[in-house]
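Data from start23.csv: CSV, C-alpha atoms
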```csv
chain,number,residue,atom,x,y,z
A,170,VAL,CA,66.8,-21.2,226.5
A,171,GLN,CA,63.4,-22.9,226.6
A,172,LEU,CA,60.5,-21.8,228.7
A,173,VAL,CA,57.5,-24.0,229.3
A,174,GLU,CA,54.4,-22.6,231.1
A,175,SER,CA,51.8,-24.9,232.8
A,176,GLY,CA,49.1,-24.7,235.3
A,177,GLY,CA,46.4,-22.8,233.4
A,178,GLY,CA,42.8,-23.9,233.3
A,179,LEU,CA,39.1,-23.0,233.7
A,180,VAL,CA,38.2,-21.8,237.1
A,181,GLN,CA,35.4,-19.9,238.8
A,182,THR,CA,35.5,-16.3,240.1
A,183,GLY,CA,37.3,-16.3,243.4
A,184,ASP,CA,39.3,-19.5,242.8
A,185,SER,CA,43.1,-19.8,242.7
A,186,LEU,CA,45.6,-21.1,240.2
A,187,ARG,CA,49.4,-21.5,240.3
A,188,LEU,CA,51.2,-21.1,237.0
A,189,SER,CA,54.7,-22.5,236.5
A,190,CYS,CA,57.4,-21.5,234.1
A,191,ALA,CA,60.2,-24.0,233.8
A,192,LEU,CA,63.5,-22.8,232.2
A,193,SER,CA,65.9,-25.1,230.6
A,194,GLY,CA,69.0,-24.7,228.4
A,195,GLY,CA,71.1,-21.6,228.4
A,196,ASN,CA,74.7,-21.1,229.5
A,197,TYR,CA,74.1,-19.3,232.8
A,198,LYS,CA,72.8,-20.1,236.2
A,199,PHE,CA,69.0,-19.9,236.7
A,200,LYS,CA,69.4,-17.2,239.3
A,201,ASP,CA,71.1,-15.0,236.7
A,202,TYR,CA,67.8,-14.8,234.7
A,203,VAL,CA,65.1,-12.2,235.0
A,204,VAL,CA,61.8,-14.0,234.6
A,205,GLY,CA,58.6,-12.1,234.1
A,206,TRP,CA,54.9,-12.9,233.5
A,207,PHE,CA,52.7,-11.2,231.0
A,208,ARG,CA,49.2,-11.9,229.7
A,209,GLN,CA,47.1,-11.2,226.6
A,210,ALA,CA,43.4,-11.2,226.5
A,211,PRO,CA,41.5,-11.6,223.2
A,212,GLY,CA,41.5,-8.4,221.3
A,213,LYS,CA,43.9,-6.7,223.7
A,214,GLU,CA,47.5,-5.9,223.8
A,215,ARG,CA,49.9,-7.9,225.9
A,216,GLU,CA,50.2,-6.5,229.4
A,217,PHE,CA,52.7,-6.8,232.2
A,218,VAL,CA,51.7,-8.9,235.2
A,219,SER,CA,54.7,-9.5,237.4
A,220,VAL,CA,58.5,-9.8,237.4
A,221,MET,CA,61.2,-10.8,239.8
A,222,ILE,CA,64.6,-9.1,239.4
A,223,ARG,CA,67.9,-9.5,241.1
A,224,ASP,CA,67.2,-12.9,242.6
A,225,ARG,CA,64.1,-11.9,244.6
A,226,VAL,CA,65.4,-8.5,245.6
A,227,ASN,CA,63.0,-6.6,243.4
A,228,THR,CA,59.5,-7.8,242.6
A,229,TYR,CA,56.9,-5.8,240.7
A,230,TYR,CA,53.2,-6.3,240.0
A,231,SER,CA,50.7,-4.5,237.9
A,232,ASP,CA,48.1,-2.5,239.7
A,233,SER,CA,45.4,-4.9,238.6
A,234,VAL,CA,47.0,-8.0,240.3
A,235,THR,CA,48.7,-6.4,243.3
A,236,GLY,CA,47.5,-8.1,246.5
A,237,ARG,CA,46.1,-11.1,244.6
A,238,PHE,CA,49.1,-12.5,242.7
A,239,THR,CA,52.5,-13.6,244.0
A,240,ILE,CA,55.6,-14.4,242.0
A,241,SER,CA,58.2,-16.8,243.4
A,242,ARG,CA,61.0,-19.0,242.2
A,243,ASP,CA,62.5,-22.3,243.1
A,244,ASP,CA,66.1,-22.3,242.0
A,245,ALA,CA,66.5,-26.0,242.6
A,246,LYS,CA,63.8,-26.7,240.0
A,247,ASN,CA,64.7,-23.8,237.6
A,248,THR,CA,61.1,-22.7,237.9
A,249,VAL,CA,59.2,-19.5,238.5
A,250,TYR,CA,55.7,-19.6,239.8
A,251,LEU,CA,52.8,-17.2,239.7
A,252,GLN,CA,50.3,-17.8,242.4
A,253,MET,CA,47.0,-16.3,241.5
A,254,ASN,CA,44.3,-15.9,244.1
A,255,SER,CA,40.9,-14.3,244.1
A,256,LEU,CA,40.7,-14.7,240.3
A,257,ARG,CA,38.3,-12.5,238.4
A,258,PRO,CA,36.8,-12.8,234.9
A,259,GLU,CA,39.0,-9.9,233.8
A,260,ASP,CA,42.1,-12.1,234.5
A,261,THR,CA,41.1,-14.3,231.6
A,262,ALA,CA,44.0,-14.4,229.2
A,263,VAL,CA,46.9,-16.4,227.8
A,264,TYR,CA,49.7,-16.1,230.3
A,265,TYR,CA,53.3,-16.0,229.1
A,266,CYS,CA,56.6,-16.1,230.9
A,267,ALA,CA,59.6,-14.4,229.5
A,268,ALA,CA,63.3,-14.5,230.5
A,269,ASP,CA,66.6,-13.1,229.8
A,270,LEU,CA,69.8,-12.1,231.6
A,271,LEU,CA,69.8,-9.0,233.8
A,272,LEU,CA,71.2,-6.5,231.3
A,273,TYR,CA,68.8,-3.5,231.6
A,274,ALA,CA,67.1,-1.2,234.0
A,275,ASP,CA,64.1,-2.7,235.8
A,276,SER,CA,61.7,-0.5,233.9
A,277,THR,CA,62.8,-2.2,230.6
A,278,TYR,CA,61.5,-5.5,231.9
A,279,LEU,CA,58.3,-4.1,233.1
A,280,ARG,CA,57.6,-2.8,229.6
A,281,GLY,CA,58.0,-6.3,228.2
A,282,GLU,CA,61.3,-5.3,226.6
A,283,GLY,CA,64.7,-6.9,227.1
A,284,TYR,CA,63.5,-10.5,226.9
A,285,ASP,CA,64.9,-12.7,224.3
A,286,HIS,CA,63.0,-15.8,225.4
A,287,TRP,CA,59.3,-16.4,225.6
A,288,GLY,CA,57.2,-19.4,226.4
A,289,GLN,CA,54.3,-20.7,224.4
A,290,GLY,CA,51.7,-19.5,226.9
A,291,THR,CA,49.0,-21.1,229.1
A,292,GLN,CA,45.3,-20.3,228.9
A,293,VAL,CA,43.6,-19.0,232.1
A,294,THR,CA,39.8,-18.7,231.9
A,295,VAL,CA,37.8,-17.4,234.8
A,296,ALA,CA,34.1,-17.9,234.6
A,297,SER,CA,31.8,-15.4,236.3
```
So, in terms of structure tokens, how does the structure I just supplied come out?
Amino acid sequence: VQLVESGGGLVQTGDSLRLSCALSGGNYKFKDYVVGWFRQAPGKEREFVSVMIRDRVNTYYSDSVTGRFTISRDDAKNTVYLQMNSLRPEDTAVYYCAADLLLYADSTYLRGEGYDHWGQGTQVTVAS
């Protein structure tokens, strides 16, 4: 399985960006994969941002992005999106998507565990 993120960039506070995570390869249907978004700011640990589980049934967001970010997926394009609105300087980070089959409890994926596949990341910089 290969994951490729795109859509990052330099924006101003209050702007929007949409990140994409394209999945290819693997031996299962795209809908069978759990795909999550994480981010890591300089000098900080990686943190959970959002995940969609059970083909849109369960979606989760971190407290810091709830109400501003929306995760979605397009099964025809094997792609998961992260729509980011009202961006703030504290959203500045490298954003990664991660994927694997649904094998564990939801909490496992929120902790960043249970993923065997990670993308290379895309930089998001929000200027104040």
Which residues are close to Ser185 (chain A), i.e. within 12 Å by only C-alpha atoms, leaving aside same-chain residues fewer than 6 positions away? Reply as a ChimeraX atom specification. /A:176-179,237-239,251-257,260,293-295
Could you take the residues named above and write them with C-alpha atoms, as a PDB file, in the frame of the given file?
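Result file part.pdb:
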```
ATOM      1  CA  GLY A 176      49.100 -24.700 235.300  1.00  0.00           C
ATOM      2  CA  GLY A 177      46.400 -22.800 233.400  1.00  0.00           C
ATOM      3  CA  GLY A 178      42.800 -23.900 233.300  1.00  0.00           C
ATOM      4  CA  LEU A 179      39.100 -23.000 233.700  1.00  0.00           C
ATOM      5  CA  ARG A 237      46.100 -11.100 244.600  1.00  0.00           C
ATOM      6  CA  PHE A 238      49.100 -12.500 242.700  1.00  0.00           C
ATOM      7  CA  THR A 239      52.500 -13.600 244.000  1.00  0.00           C
ATOM      8  CA  LEU A 251      52.800 -17.200 239.700  1.00  0.00           C
ATOM      9  CA  GLN A 252      50.300 -17.800 242.400  1.00  0.00           C
ATOM     10  CA  MET A 253      47.000 -16.300 241.500  1.00  0.00           C
ATOM     11  CA  ASN A 254      44.300 -15.900 244.100  1.00  0.00           C
ATOM     12  CA  SER A 255      40.900 -14.300 244.100  1.00  0.00           C
ATOM     13  CA  LEU A 256      40.700 -14.700 240.300  1.00  0.00           C
ATOM     14  CA  ARG A 257      38.300 -12.500 238.400  1.00  0.00           C
ATOM     15  CA  ASP A 260      42.100 -12.100 234.500  1.00  0.00           C
ATOM     16  CA  VAL A 293      43.600 -19.000 232.100  1.00  0.00           C
ATOM     17  CA  THR A 294      39.800 -18.700 231.900  1.00  0.00           C
ATOM     18  CA  VAL A 295      37.800 -17.400 234.800  1.00  0.00           C
TER      19      VAL A 295
END
```
Ser297 (chain A): which residues within 8 Å, counting only C-alpha atoms, same-chain residues fewer than 3 positions away excluded, as number ranges by chain? A: 181-182, 257-258
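Across A:Leu272, A:Cys190, A:Thr291, A:Trp206, the tightest approach to Val173 (chain A) is made by A:Cys190 when counting all atoms listed in the file.
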Taking 3 positions as the minimum chain separation for residues in the same chain, which residues sit within 8 Å of Ser241 (chain A) when counting all atoms listed in the file? Answer as a VMD selection string. chain A and resid 221 225 249 to 251
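The coordinates place CA of Tyr230 (chain A) at 23.0 Å from CA of Ala296 (chain A).
If you look at CA of Ser189 (chain A) and CA of Thr228 (chain A), they are 16.6 Å away from each other.
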Between A:Ala210, A:Val204, A:Val220, A:Ala268, which is the closest to Trp287 (chain A) once you count only C-alpha atoms? A:Ala268
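You can rank A:Ile240, A:Arg215, A:Thr261, A:Asn247 by their closest distance to Leu172 (chain A) using all atoms listed in the file, and at the top of that list sits A:Asn247.
In this structure, CA of Gly194 (chain A) sits 11.9 Å away from CA of Asp269 (chain A).
Contact shell of Ala245 (chain A) at 9 Å (only C-alpha atoms; same-chain neighbours under 3 positions omitted): A:Phe199, A:Arg242, A:Thr248.
With only C-alpha atoms as the atoms that count, the residue of A:Val218, A:Leu192, A:Pro211, A:Ala262 with the shortest distance to Leu279 (chain A) is A:Val218.
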Restricting to all atoms listed in the file, whichever of A:Glu214, A:Leu188, A:Leu271, A:Asp232 is closest to Lys200 (chain A) is A:Leu271
Closest of A:Ala267, A:Val234, A:Ala274, A:Leu186 to Val170 (chain A), counting all atoms listed in the file, is A:Ala267
Mind filling out region 180-213 of chain A with N, CA and C atoms and sending it as a PDB file, in the frame of the given file?
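Printed below is result.pdb as written:
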```pdb
ATOM      1  N   VAL A 180      38.530 -21.875 235.731  1.00  0.00           N
ATOM      2  CA  VAL A 180      38.200 -21.800 237.100  1.00  0.00           C
ATOM      3  C   VAL A 180      36.982 -20.840 237.310  1.00  0.00           C
ATOM      4  N   GLN A 181      36.450 -20.808 238.510  1.00  0.00           N
ATOM      5  CA  GLN A 181      35.400 -19.900 238.800  1.00  0.00           C
ATOM      6  C   GLN A 181      35.909 -18.630 239.496  1.00  0.00           C
ATOM      7  N   THR A 182      35.125 -17.588 239.459  1.00  0.00           N
ATOM      8  CA  THR A 182      35.500 -16.300 240.100  1.00  0.00           C
ATOM      9  C   THR A 182      35.819 -16.615 241.597  1.00  0.00           C
ATOM     10  N   GLY A 183      36.937 -16.087 242.063  1.00  0.00           N
ATOM     11  CA  GLY A 183      37.300 -16.300 243.400  1.00  0.00           C
ATOM     12  C   GLY A 183      38.277 -17.447 243.665  1.00  0.00           C
ATOM     13  N   ASP A 184      38.418 -18.296 242.661  1.00  0.00           N
ATOM     14  CA  ASP A 184      39.300 -19.500 242.800  1.00  0.00           C
ATOM     15  C   ASP A 184      40.762 -19.036 242.648  1.00  0.00           C
ATOM     16  N   SER A 185      41.642 -20.029 242.828  1.00  0.00           N
ATOM     17  CA  SER A 185      43.100 -19.800 242.700  1.00  0.00           C
ATOM     18  C   SER A 185      43.688 -20.751 241.689  1.00  0.00           C
ATOM     19  N   LEU A 186      44.791 -20.321 241.119  1.00  0.00           N
ATOM     20  CA  LEU A 186      45.600 -21.100 240.200  1.00  0.00           C
ATOM     21  C   LEU A 186      47.058 -20.809 240.494  1.00  0.00           C
ATOM     22  N   ARG A 187      47.932 -21.780 240.251  1.00  0.00           N
ATOM     23  CA  ARG A 187      49.400 -21.500 240.300  1.00  0.00           C
ATOM     24  C   ARG A 187      49.964 -21.885 238.950  1.00  0.00           C
ATOM     25  N   LEU A 188      50.509 -20.892 238.284  1.00  0.00           N
ATOM     26  CA  LEU A 188      51.200 -21.100 237.000  1.00  0.00           C
ATOM     27  C   LEU A 188      52.664 -21.396 237.285  1.00  0.00           C
ATOM     28  N   SER A 189      53.233 -22.231 236.437  1.00  0.00           N
ATOM     29  CA  SER A 189      54.700 -22.500 236.500  1.00  0.00           C
ATOM     30  C   SER A 189      55.344 -22.193 235.210  1.00  0.00           C
ATOM     31  N   CYS A 190      56.578 -21.778 235.317  1.00  0.00           N
ATOM     32  CA  CYS A 190      57.400 -21.500 234.100  1.00  0.00           C
ATOM     33  C   CYS A 190      58.739 -22.179 234.366  1.00  0.00           C
ATOM     34  N   ALA A 191      58.962 -23.252 233.622  1.00  0.00           N
ATOM     35  CA  ALA A 191      60.200 -24.000 233.800  1.00  0.00           C
ATOM     36  C   ALA A 191      61.196 -23.579 232.701  1.00  0.00           C
ATOM     37  N   LEU A 192      62.386 -23.250 233.145  1.00  0.00           N
ATOM     38  CA  LEU A 192      63.500 -22.800 232.200  1.00  0.00           C
ATOM     39  C   LEU A 192      64.488 -23.893 232.062  1.00  0.00           C
ATOM     40  N   SER A 193      64.884 -24.116 230.837  1.00  0.00           N
ATOM     41  CA  SER A 193      65.900 -25.100 230.600  1.00  0.00           C
ATOM     42  C   SER A 193      66.864 -24.557 229.483  1.00  0.00           C
ATOM     43  N   GLY A 194      68.035 -25.162 229.406  1.00  0.00           N
ATOM     44  CA  GLY A 194      69.000 -24.700 228.400  1.00  0.00           C
ATOM     45  C   GLY A 194      69.732 -23.456 228.922  1.00  0.00           C
ATOM     46  N   GLY A 195      70.403 -22.779 228.054  1.00  0.00           N
ATOM     47  CA  GLY A 195      71.100 -21.600 228.400  1.00  0.00           C
ATOM     48  C   GLY A 195      72.485 -21.894 228.996  1.00  0.00           C
ATOM     49  N   ASN A 196      73.324 -20.878 229.057  1.00  0.00           N
ATOM     50  CA  ASN A 196      74.700 -21.100 229.500  1.00  0.00           C
ATOM     51  C   ASN A 196      74.954 -20.389 230.849  1.00  0.00           C
ATOM     52  N   TYR A 197      73.904 -19.954 231.518  1.00  0.00           N
ATOM     53  CA  TYR A 197      74.100 -19.300 232.800  1.00  0.00           C
ATOM     54  C   TYR A 197      73.244 -19.957 233.865  1.00  0.00           C
ATOM     55  N   LYS A 198      73.529 -19.585 235.099  1.00  0.00           N
ATOM     56  CA  LYS A 198      72.800 -20.100 236.200  1.00  0.00           C
ATOM     57  C   LYS A 198      71.345 -19.569 236.178  1.00  0.00           C
ATOM     58  N   PHE A 199      70.411 -20.357 236.635  1.00  0.00           N
ATOM     59  CA  PHE A 199      69.000 -19.900 236.700  1.00  0.00           C
ATOM     60  C   PHE A 199      68.846 -18.621 237.389  1.00  0.00           C
ATOM     61  N   LYS A 200      69.576 -18.426 238.474  1.00  0.00           N
ATOM     62  CA  LYS A 200      69.400 -17.200 239.300  1.00  0.00           C
ATOM     63  C   LYS A 200      69.867 -15.956 238.532  1.00  0.00           C
ATOM     64  N   ASP A 201      70.592 -16.118 237.435  1.00  0.00           N
ATOM     65  CA  ASP A 201      71.100 -15.000 236.700  1.00  0.00           C
ATOM     66  C   ASP A 201      69.994 -14.428 235.717  1.00  0.00           C
ATOM     67  N   TYR A 202      68.891 -15.153 235.600  1.00  0.00           N
ATOM     68  CA  TYR A 202      67.800 -14.800 234.700  1.00  0.00           C
ATOM     69  C   TYR A 202      66.761 -13.941 235.336  1.00  0.00           C
ATOM     70  N   VAL A 203      66.320 -12.918 234.636  1.00  0.00           N
ATOM     71  CA  VAL A 203      65.100 -12.200 235.000  1.00  0.00           C
ATOM     72  C   VAL A 203      63.941 -12.944 234.350  1.00  0.00           C
ATOM     73  N   VAL A 204      62.922 -13.262 235.130  1.00  0.00           N
ATOM     74  CA  VAL A 204      61.800 -14.000 234.600  1.00  0.00           C
ATOM     75  C   VAL A 204      60.508 -13.172 234.912  1.00  0.00           C
ATOM     76  N   GLY A 205      59.774 -12.840 233.879  1.00  0.00           N
ATOM     77  CA  GLY A 205      58.600 -12.100 234.100  1.00  0.00           C
ATOM     78  C   GLY A 205      57.340 -12.802 233.543  1.00  0.00           C
ATOM     79  N   TRP A 206      56.174 -12.349 234.020  1.00  0.00           N
ATOM     80  CA  TRP A 206      54.900 -12.900 233.500  1.00  0.00           C
ATOM     81  C   TRP A 206      54.124 -11.781 232.845  1.00  0.00           C
ATOM     82  N   PHE A 207      53.525 -12.136 231.733  1.00  0.00           N
ATOM     83  CA  PHE A 207      52.700 -11.200 231.000  1.00  0.00           C
ATOM     84  C   PHE A 207      51.428 -11.974 230.584  1.00  0.00           C
ATOM     85  N   ARG A 208      50.438 -11.215 230.148  1.00  0.00           N
ATOM     86  CA  ARG A 208      49.200 -11.900 229.700  1.00  0.00           C
ATOM     87  C   ARG A 208      48.611 -11.097 228.546  1.00  0.00           C
ATOM     88  N   GLN A 209      47.831 -11.800 227.755  1.00  0.00           N
ATOM     89  CA  GLN A 209      47.100 -11.200 226.600  1.00  0.00           C
ATOM     90  C   GLN A 209      45.748 -11.734 226.517  1.00  0.00           C
ATOM     91  N   ALA A 210      44.795 -10.849 226.665  1.00  0.00           N
ATOM     92  CA  ALA A 210      43.400 -11.200 226.500  1.00  0.00           C
ATOM     93  C   ALA A 210      42.979 -11.042 225.062  1.00  0.00           C
ATOM     94  N   PRO A 211      41.934 -11.717 224.625  1.00  0.00           N
ATOM     95  CA  PRO A 211      41.500 -11.600 223.200  1.00  0.00           C
ATOM     96  C   PRO A 211      41.197 -10.147 222.870  1.00  0.00           C
ATOM     97  N   GLY A 212      41.757  -9.717 221.759  1.00  0.00           N
ATOM     98  CA  GLY A 212      41.500  -8.400 221.300  1.00  0.00           C
ATOM     99  C   GLY A 212      42.245  -7.277 222.012  1.00  0.00           C
ATOM    100  N   LYS A 213      43.115  -7.661 222.943  1.00  0.00           N
ATOM    101  CA  LYS A 213      43.900  -6.700 223.700  1.00  0.00           C
ATOM    102  C   LYS A 213      45.351  -6.859 223.535  1.00  0.00           C
TER     103      LYS A 213
END
```
